[in-house]
file data-v8.txt (compact mmCIF, C-alpha atoms)
# COMPACT_ATOMS: atom_id res chain seq x y z
CA MET A 1 151.30 173.06 -74.30
CA GLN A 2 152.36 174.34 -77.69
CA LEU A 3 154.68 177.35 -77.95
CA GLU A 4 154.71 179.77 -80.85
CA ILE A 5 156.83 182.80 -81.63
CA TRP A 6 155.10 185.18 -84.03
CA SER A 7 157.19 187.93 -85.49
CA LEU A 8 156.56 190.77 -87.89
CA GLY A 9 159.47 191.71 -90.06
CA LYS A 10 162.00 190.28 -92.45
CA GLU A 11 163.33 186.75 -92.93
CA ASN A 12 166.23 185.64 -90.75
CA ASP A 13 169.85 185.61 -91.78
CA ALA A 14 171.24 182.07 -91.88
CA PHE A 15 173.08 182.27 -88.54
CA ILE A 16 169.83 183.17 -86.76
CA ASP A 17 167.97 180.23 -88.32
CA GLU A 18 170.77 177.92 -87.21
CA GLY A 19 170.62 179.35 -83.68
CA LEU A 20 166.83 178.98 -83.54
CA GLU A 21 167.07 175.34 -84.62
CA TYR A 22 169.75 174.78 -81.95
CA TYR A 23 167.37 175.89 -79.18
CA PHE A 24 164.13 174.60 -80.75
CA LYS A 25 165.56 171.07 -80.87
CA LYS A 26 166.22 171.17 -77.11
CA ILE A 27 162.80 172.70 -76.34
CA ARG A 28 160.97 170.08 -78.45
CA HIS A 29 161.86 167.38 -75.91
CA TYR A 30 159.25 169.14 -73.77
CA HIS A 31 156.97 171.29 -75.97
CA PRO A 32 156.27 171.71 -79.67
CA ILE A 33 157.60 175.10 -80.76
CA ARG A 34 157.82 177.04 -84.00
CA LEU A 35 158.51 180.48 -85.41
CA THR A 36 155.90 182.08 -87.68
CA LEU A 37 156.80 185.17 -89.67
CA LEU A 38 153.86 187.48 -90.25
CA GLN A 39 154.37 189.55 -93.37
CA THR A 40 152.01 192.18 -94.68
CA LYS A 41 151.51 192.26 -98.42
CA GLY A 42 153.49 194.55 -100.68
CA LYS A 43 155.99 197.22 -99.81
CA GLN A 44 154.75 199.64 -97.21
CA ALA A 45 155.34 203.35 -97.27
CA THR A 46 157.34 203.58 -94.04
CA THR A 47 156.19 207.17 -93.66
CA ASP A 48 152.59 206.14 -92.98
CA ILE A 49 153.24 204.52 -89.62
CA GLU A 50 149.60 204.32 -88.53
CA ARG A 51 148.62 202.53 -91.72
CA VAL A 52 151.42 199.99 -91.30
CA LYS A 53 150.37 199.33 -87.71
CA LEU A 54 146.74 198.80 -88.79
CA GLN A 55 147.79 196.35 -91.53
CA GLU A 56 149.82 194.46 -88.96
CA GLU A 57 146.91 194.48 -86.50
CA GLU A 58 144.65 192.95 -89.15
CA LEU A 59 147.23 190.25 -89.87
CA ILE A 60 147.70 189.41 -86.18
CA LEU A 61 143.98 189.33 -85.36
CA SER A 62 143.19 187.15 -88.40
CA ARG A 63 145.48 184.44 -87.00
CA LEU A 64 144.64 184.69 -83.31
CA GLN A 65 142.28 182.05 -81.93
CA PRO A 66 140.31 182.48 -78.71
CA PHE A 67 142.37 179.71 -77.05
CA HIS A 68 145.68 181.45 -77.78
CA MET A 69 147.38 182.84 -74.67
CA LEU A 70 149.01 185.98 -76.10
CA ILE A 71 152.24 187.39 -74.62
CA LEU A 72 153.36 190.63 -76.21
CA LEU A 73 157.08 191.45 -76.24
CA ASP A 74 157.44 195.20 -76.00
CA GLU A 75 160.05 197.54 -74.54
CA ARG A 76 157.32 199.18 -72.43
CA GLY A 77 156.45 195.81 -70.88
CA LYS A 78 157.39 194.24 -67.58
CA ALA A 79 161.06 193.25 -67.21
CA LEU A 80 160.98 189.70 -65.88
CA THR A 81 163.96 187.67 -64.69
CA SER A 82 164.65 184.21 -66.15
CA PRO A 83 163.13 182.37 -63.13
CA GLN A 84 160.04 184.58 -63.48
CA TRP A 85 159.71 183.51 -67.13
CA ALA A 86 159.81 179.88 -65.98
CA HIS A 87 157.26 180.58 -63.26
CA GLN A 88 154.92 182.22 -65.78
CA LEU A 89 155.17 179.30 -68.21
CA GLN A 90 154.36 176.93 -65.35
CA SER A 91 151.36 179.03 -64.42
CA PHE A 92 150.10 178.98 -68.05
CA MET A 93 150.36 175.18 -67.96
CA ASN A 94 148.47 175.08 -64.66
CA GLN A 95 145.74 177.22 -66.22
CA GLY A 96 145.46 174.62 -68.99
CA ALA A 97 146.69 176.88 -71.79
CA LYS A 98 146.91 174.91 -75.06
CA VAL A 99 148.92 177.40 -77.11
CA VAL A 100 151.10 180.26 -75.89
CA VAL A 101 151.87 182.85 -78.56
CA PHE A 102 154.86 185.15 -78.00
CA LEU A 103 154.31 188.13 -80.30
CA ILE A 104 157.21 190.33 -81.42
CA GLY A 105 155.52 193.42 -82.86
CA GLY A 106 156.57 195.50 -85.85
CA ALA A 107 159.16 198.28 -85.92
CA TYR A 108 156.57 200.80 -84.73
CA GLY A 109 155.02 198.63 -82.03
CA VAL A 110 151.46 197.29 -82.05
CA THR A 111 148.06 198.99 -81.92
CA ASP A 112 146.13 199.40 -78.68
CA VAL A 113 143.68 196.75 -79.91
CA VAL A 114 146.48 194.15 -80.04
CA ARG A 115 147.93 195.35 -76.77
CA ARG A 116 144.59 194.92 -74.99
CA ARG A 117 144.26 191.38 -76.40
CA ALA A 118 147.57 190.37 -74.76
CA ALA A 119 147.36 188.50 -71.47
CA GLN A 120 150.73 189.99 -70.51
CA VAL A 121 153.33 192.39 -71.90
CA TRP A 122 156.98 191.50 -71.29
CA SER A 123 160.16 193.45 -71.96
CA LEU A 124 163.50 191.76 -72.74
CA SER A 125 165.79 194.70 -72.06
CA PRO A 126 165.95 198.50 -72.22
CA LEU A 127 168.16 197.94 -75.29
CA VAL A 128 166.73 197.90 -78.80
CA PHE A 129 167.47 194.66 -80.69
CA PRO A 130 166.81 193.78 -84.34
CA HIS A 131 163.83 191.48 -84.78
CA GLN A 132 165.88 188.47 -85.75
CA LEU A 133 168.01 188.76 -82.62
CA VAL A 134 164.86 189.07 -80.49
CA ARG A 135 163.65 185.79 -82.02
CA LEU A 136 166.91 184.08 -81.01
CA ILE A 137 166.88 185.59 -77.49
CA MET A 138 163.26 184.40 -77.08
CA ALA A 139 164.17 180.85 -78.12
CA GLU A 140 167.06 180.74 -75.64
CA GLN A 141 164.93 182.11 -72.78
CA ILE A 142 162.17 179.62 -73.49
CA TYR A 143 164.74 176.81 -73.37
CA ARG A 144 166.11 178.29 -70.14
CA SER A 145 162.57 178.35 -68.65
CA VAL A 146 162.01 174.74 -69.68
CA SER A 147 165.35 173.76 -68.13
CA ILE A 148 164.46 175.53 -64.87
CA LEU A 149 161.06 173.79 -64.74
CA ASN A 150 162.61 170.38 -65.47
CA ASN A 151 165.67 170.79 -63.23
CA LEU A 152 168.10 170.51 -66.13
CA PRO A 153 171.64 171.72 -65.32
CA TYR A 154 171.52 174.40 -68.06
CA HIS A 155 170.41 177.42 -66.01
CA HIS A 156 172.72 177.13 -63.03
CA GLY A 157 175.10 174.26 -63.42
CA GLU A 158 176.72 174.73 -66.77
CA ARG A 159 179.70 177.05 -67.07
CA GLU A 160 179.36 178.30 -70.60
CA MET B 1 189.60 203.68 -81.06
CA GLN B 2 189.94 199.94 -80.91
CA LEU B 3 187.13 197.81 -79.49
CA GLU B 4 187.63 194.48 -77.79
CA ILE B 5 185.21 191.97 -76.32
CA TRP B 6 186.87 189.74 -73.72
CA SER B 7 184.92 186.76 -72.55
CA LEU B 8 185.52 183.97 -70.11
CA GLY B 9 183.94 180.67 -71.01
CA LYS B 10 183.67 178.16 -73.78
CA GLU B 11 184.18 178.46 -77.53
CA ASN B 12 181.23 179.61 -79.62
CA ASP B 13 178.89 177.38 -81.55
CA ALA B 14 179.19 177.98 -85.30
CA PHE B 15 176.00 180.09 -85.59
CA ILE B 16 177.37 182.54 -83.01
CA ASP B 17 180.69 182.90 -84.83
CA GLU B 18 178.80 183.59 -88.05
CA GLY B 19 176.66 186.20 -86.30
CA LEU B 20 179.71 187.87 -84.74
CA GLU B 21 181.40 188.09 -88.12
CA TYR B 22 178.20 189.56 -89.60
CA TYR B 23 178.30 192.48 -87.12
CA PHE B 24 182.11 192.79 -86.85
CA LYS B 25 182.35 193.34 -90.61
CA LYS B 26 179.96 196.30 -90.36
CA ILE B 27 181.68 197.73 -87.27
CA ARG B 28 185.14 197.51 -88.90
CA HIS B 29 184.20 200.28 -91.33
CA TYR B 30 184.54 202.52 -88.26
CA HIS B 31 186.60 200.73 -85.58
CA PRO B 32 188.83 197.66 -85.35
CA ILE B 33 187.04 195.05 -83.21
CA ARG B 34 187.75 191.52 -82.08
CA LEU B 35 186.61 188.87 -79.63
CA THR B 36 189.19 187.36 -77.26
CA LEU B 37 188.29 184.23 -75.29
CA LEU B 38 190.04 184.07 -71.92
CA GLN B 39 190.39 180.49 -70.81
CA THR B 40 191.89 179.33 -67.54
CA LYS B 41 194.11 176.27 -67.73
CA GLY B 42 192.83 172.79 -66.99
CA LYS B 43 189.46 171.68 -65.80
CA GLN B 44 188.24 173.58 -62.80
CA ALA B 45 186.46 172.04 -59.88
CA THR B 46 183.20 173.98 -60.27
CA THR B 47 182.54 173.53 -56.56
CA ASP B 48 185.41 175.81 -55.59
CA ILE B 49 183.87 179.01 -56.84
CA GLU B 50 186.26 181.40 -55.11
CA ARG B 51 189.28 179.63 -56.58
CA VAL B 52 187.81 179.80 -60.09
CA LYS B 53 187.13 183.52 -59.67
CA LEU B 54 190.72 184.14 -58.50
CA GLN B 55 192.15 182.21 -61.48
CA GLU B 56 189.98 184.31 -63.77
CA GLU B 57 191.04 187.51 -62.00
CA GLU B 58 194.71 186.62 -62.56
CA LEU B 59 194.05 185.95 -66.23
CA ILE B 60 192.16 189.23 -66.72
CA LEU B 61 194.72 191.38 -64.86
CA SER B 62 197.65 189.79 -66.74
CA ARG B 63 196.17 191.07 -70.01
CA LEU B 64 194.92 194.47 -68.92
CA GLN B 65 197.06 197.45 -69.87
CA PRO B 66 196.86 200.82 -68.11
CA PHE B 67 195.48 202.42 -71.30
CA HIS B 68 192.59 199.95 -71.53
CA MET B 69 189.22 201.51 -70.76
CA LEU B 70 187.46 198.59 -69.03
CA ILE B 71 183.67 198.18 -69.21
CA LEU B 72 182.35 195.26 -67.16
CA LEU B 73 179.13 193.56 -68.28
CA ASP B 74 177.33 192.34 -65.18
CA GLU B 75 173.71 191.83 -64.23
CA ARG B 76 174.21 194.12 -61.22
CA GLY B 77 175.38 196.92 -63.51
CA LYS B 78 173.60 199.96 -64.90
CA ALA B 79 170.90 199.24 -67.49
CA LEU B 80 171.62 201.63 -70.36
CA THR B 81 169.46 202.23 -73.41
CA SER B 82 170.94 201.90 -76.92
CA PRO B 83 171.33 205.70 -77.38
CA GLN B 84 173.11 205.79 -74.00
CA TRP B 85 175.57 203.14 -75.23
CA ALA B 86 176.28 205.33 -78.25
CA HIS B 87 176.69 208.40 -76.05
CA GLN B 88 179.17 206.56 -73.82
CA LEU B 89 181.23 205.36 -76.79
CA GLN B 90 181.37 208.94 -78.06
CA SER B 91 182.49 210.16 -74.66
CA PHE B 92 185.29 207.53 -74.56
CA MET B 93 186.46 208.79 -77.95
CA ASN B 94 186.34 212.38 -76.69
CA GLN B 95 188.46 211.33 -73.70
CA GLY B 96 191.03 209.95 -76.16
CA ALA B 97 190.57 206.29 -75.18
CA LYS B 98 192.74 204.05 -77.41
CA VAL B 99 191.23 200.69 -76.51
CA VAL B 100 187.83 199.94 -74.96
CA VAL B 101 187.59 196.46 -73.44
CA PHE B 102 184.11 195.03 -72.86
CA LEU B 103 184.55 192.24 -70.32
CA ILE B 104 182.00 189.43 -69.98
CA GLY B 105 182.89 187.78 -66.67
CA GLY B 106 182.75 184.11 -65.77
CA ALA B 107 179.71 182.12 -64.64
CA TYR B 108 180.22 183.25 -61.05
CA GLY B 109 180.91 186.91 -61.81
CA VAL B 110 184.22 188.68 -61.24
CA THR B 111 186.21 189.49 -58.09
CA ASP B 112 186.00 192.86 -56.36
CA VAL B 113 189.50 193.63 -57.62
CA VAL B 114 188.34 193.36 -61.24
CA ARG B 115 185.13 195.21 -60.49
CA ARG B 116 187.05 198.16 -59.00
CA ARG B 117 189.33 198.28 -62.07
CA ALA B 118 186.30 198.77 -64.35
CA ALA B 119 185.55 202.33 -65.44
CA GLN B 120 181.86 201.38 -65.69
CA VAL B 121 179.60 198.39 -65.06
CA TRP B 122 176.78 197.85 -67.55
CA SER B 123 173.87 195.41 -67.50
CA LEU B 124 172.23 194.06 -70.68
CA SER B 125 169.01 192.78 -69.19
CA PRO B 126 167.54 191.28 -66.02
CA LEU B 127 167.52 188.01 -67.97
CA VAL B 128 170.37 185.52 -67.75
CA PHE B 129 171.93 184.73 -71.15
CA PRO B 130 174.58 182.14 -72.05
CA HIS B 131 178.01 183.67 -72.65
CA GLN B 132 177.99 183.06 -76.36
CA LEU B 133 174.66 184.87 -76.76
CA VAL B 134 175.98 187.79 -74.67
CA ARG B 135 178.92 188.05 -77.12
CA LEU B 136 176.49 188.28 -80.04
CA ILE B 137 174.23 190.80 -78.28
CA MET B 138 177.32 192.92 -77.48
CA ALA B 139 178.44 192.90 -81.11
CA GLU B 140 175.00 193.98 -82.30
CA GLN B 141 174.75 196.78 -79.71
CA ILE B 142 178.21 198.05 -80.61
CA TYR B 143 177.17 198.15 -84.27
CA ARG B 144 173.96 199.92 -83.24
CA SER B 145 175.98 202.51 -81.28
CA VAL B 146 178.28 203.06 -84.25
CA SER B 147 175.26 203.48 -86.54
CA ILE B 148 173.70 206.01 -84.15
CA LEU B 149 176.95 208.02 -83.96
CA ASN B 150 177.37 207.96 -87.75
CA ASN B 151 173.71 208.61 -88.62
CA LEU B 152 173.33 205.28 -90.42
CA PRO B 153 169.69 204.25 -91.01
CA TYR B 154 170.13 201.00 -89.01
CA HIS B 155 168.86 202.14 -85.60
CA HIS B 156 165.68 203.94 -86.58
CA GLY B 157 165.05 203.70 -90.26
CA GLU B 158 165.26 200.01 -91.08
CA ARG B 159 162.21 197.84 -90.62
CA GLU B 160 163.70 194.50 -89.83
call {"tool": "encode", "arguments": {"input": "data-v8.txt", "output": "structure tokens"}}
result
Amino acid sequence: MQLEIWSLGKENDAFIDEGLEYYFKKIRHYHPIRLTLLQTKGKQATTDIERVKLQEEELILSRLQPFHMLILLDERGKALTSPQWAHQLQSFMNQGAKVVVFLIGGAYGVTDVVRRRAAQVWSLSPLVFPHQLVRLIMAEQIYRSVSILNNLPYHHGERE
Amino acid sequence: MQLEIWSLGKENDAFIDEGLEYYFKKIRHYHPIRLTLLQTKGKQATTDIERVKLQEEELILSRLQPFHMLILLDERGKALTSPQWAHQLQSFMNQGAKVVVFLIGGAYGVTDVVRRRAAQVWSLSPLVFPHQLVRLIMAEQIYRSVSILNNLPYHHGERE
């Protein structure tokens, strides 16, 4: 099962890219994983929020394939615990999902069309994080899920 | 008002230190801030959880001063939003707090003695994060709070 993180927004600062690679390397012992940045063309007028959201919708839908299991990350989503993340990933594998796409929407959220396409909507925290930190948190939680499912000592054993 | 993050646990990987410095630099335009790692001596037998927690308690109490406003980060704490973090920081300033200490406890949590010493107990998320990622998340949220209180465009304006 292939894992993908899709994120609207700017490039990462170097420390985030290093952190992503740190977790991606560990995850890749179990699943292929990559980050894809989705960037709309040109500079958007940030005042026209609806137009930005529609441009982003177009970009997201143009890349989505019918076999993509889409998980939307959104503050209005369901707040899962780490073991629940692991349980969900296992259940996607059991359902025979080929590709799971974790989508981090734009600054203004996603359109209803994108939201309805998502199999599930998850929330990381009631706190607002910058996109690049969300990408890093996602990578760490995916590694944590993988470690729970494979009985690695990471989740419970290690005192970090 | 000086800000301190105290954390039990291991040293940071390089990408975390870089990320901390990235946010600390921005925060220091408004408040002094630093990370202090609290490390108990020797290698602990991880099986004797109560003993580890008592060693950590001793270490924490030996450093705490009466004028330290202690905020404990703990998954059983109150889940605040980012504007609520900012509001709390403002209220500490209004109360004349000289030093706010954000304490990230050990892998097994803190003792009741430490918990009772805390002015407040905050939770970041229902997810479990490694200590070094909690340190980075804390730094970013503190910068976000500062930016909210000083009307910087970071919290709402920037599309990241």
call {"tool": "atom_distance", "arguments": {"input": "data-v8.txt", "atom1": "CA of Gln141 in chain A", "atom2": "CA of Pro83 in chain A"}}
result
9.8 Å
call {"tool": "residues_near_point", "arguments": {"input": "data-v8.txt", "point": "(187.8, 181.3, -62.7)", "cutoff": "10 Å", "atoms": "all atoms listed in the file", "output": "list in words"}}
result
Leu8, Gly9, Leu38, Gln39, Thr40, Lys41, Gln44, Ala45, Thr46, Asp48, Ile49, Glu50, Arg51, Val52, Lys53, Leu54, Gln55, Glu56, Glu57, Glu58, Leu59, Ile60, Gly105, Gly106, Ala107, Tyr108, Gly109, Val110 and Thr111 of chain B
call {"tool": "closest_atom_pairs", "arguments": {"input": "data-v8.txt", "of": "chain A", "to": "chain B", "cutoff": "6 Å", "atoms": "only C-alpha atoms", "output": "Markdown table"}}
result
| residue | atom | partner | partner_atom | distance |
| --- | --- | --- | --- | --- |
| A:Gly9 | CA | B:Glu160 | CA | 5.1 |
| A:Lys10 | CA | B:Glu160 | CA | 5.3 |
| A:Phe15 | CA | B:Phe15 | CA | 4.7 |
| A:Glu18 | CA | B:Phe15 | CA | 5.9 |
| A:Gly19 | CA | B:Phe15 | CA | 5.8 |
| A:Thr81 | CA | B:Leu127 | CA | 4.9 |
| A:Ser82 | CA | B:Leu127 | CA | 5.1 |
| A:Ala107 | CA | B:Arg159 | CA | 5.6 |
| A:Ser125 | CA | B:Ser125 | CA | 4.7 |
| A:Pro126 | CA | B:Thr81 | CA | 5.3 |
| A:Leu127 | CA | B:Thr81 | CA | 4.9 |
| A:His131 | CA | B:Glu160 | CA | 5.9 |
| A:Arg159 | CA | B:Ala107 | CA | 5.6 |
| A:Glu160 | CA | B:Gly9 | CA | 5.2 |
call {"tool": "closest_residue", "arguments": {"input": "data-v8.txt", "among": "B:Ser145, B:Asn151, B:Thr36, B:Ser7", "to": "Ala86 in chain B", "atoms": "all atoms listed in the file"}}
result
B:Ser145
call {"tool": "residues_near_point", "arguments": {"input": "data-v8.txt", "point": "(185.8, 203.6, -65.2)", "cutoff": "10 Å", "atoms": "only C-alpha atoms", "output": "ChimeraX atom specification"}}
result
/B:68-72,115-121
call {"tool": "residues_around", "arguments": {"input": "data-v8.txt", "residues": "Trp6 in chain A", "least_positions_apart": "5", "cutoff": "6 Å", "atoms": "all atoms listed in the file", "output": "list in words"}}
result
Leu35, Thr36, Leu37 and Leu103 of chain A
call {"tool": "atom_distance", "arguments": {"input": "data-v8.txt", "atom1": "CA of Ile148 in chain B", "atom2": "CA of Met138 in chain A"}}
result
25.0 Å
call {"tool": "atom_distance", "arguments": {"input": "data-v8.txt", "atom1": "CA of Arg135 in chain A", "atom2": "CA of Ile142 in chain B"}}
result
19.1 Å
call {"tool": "closest_residue", "arguments": {"input": "data-v8.txt", "among": "A:Phe92, A:Tyr143, A:Trp122, A:Phe102", "to": "Met1 in chain A", "atoms": "all atoms listed in the file"}}
result
A:Phe92
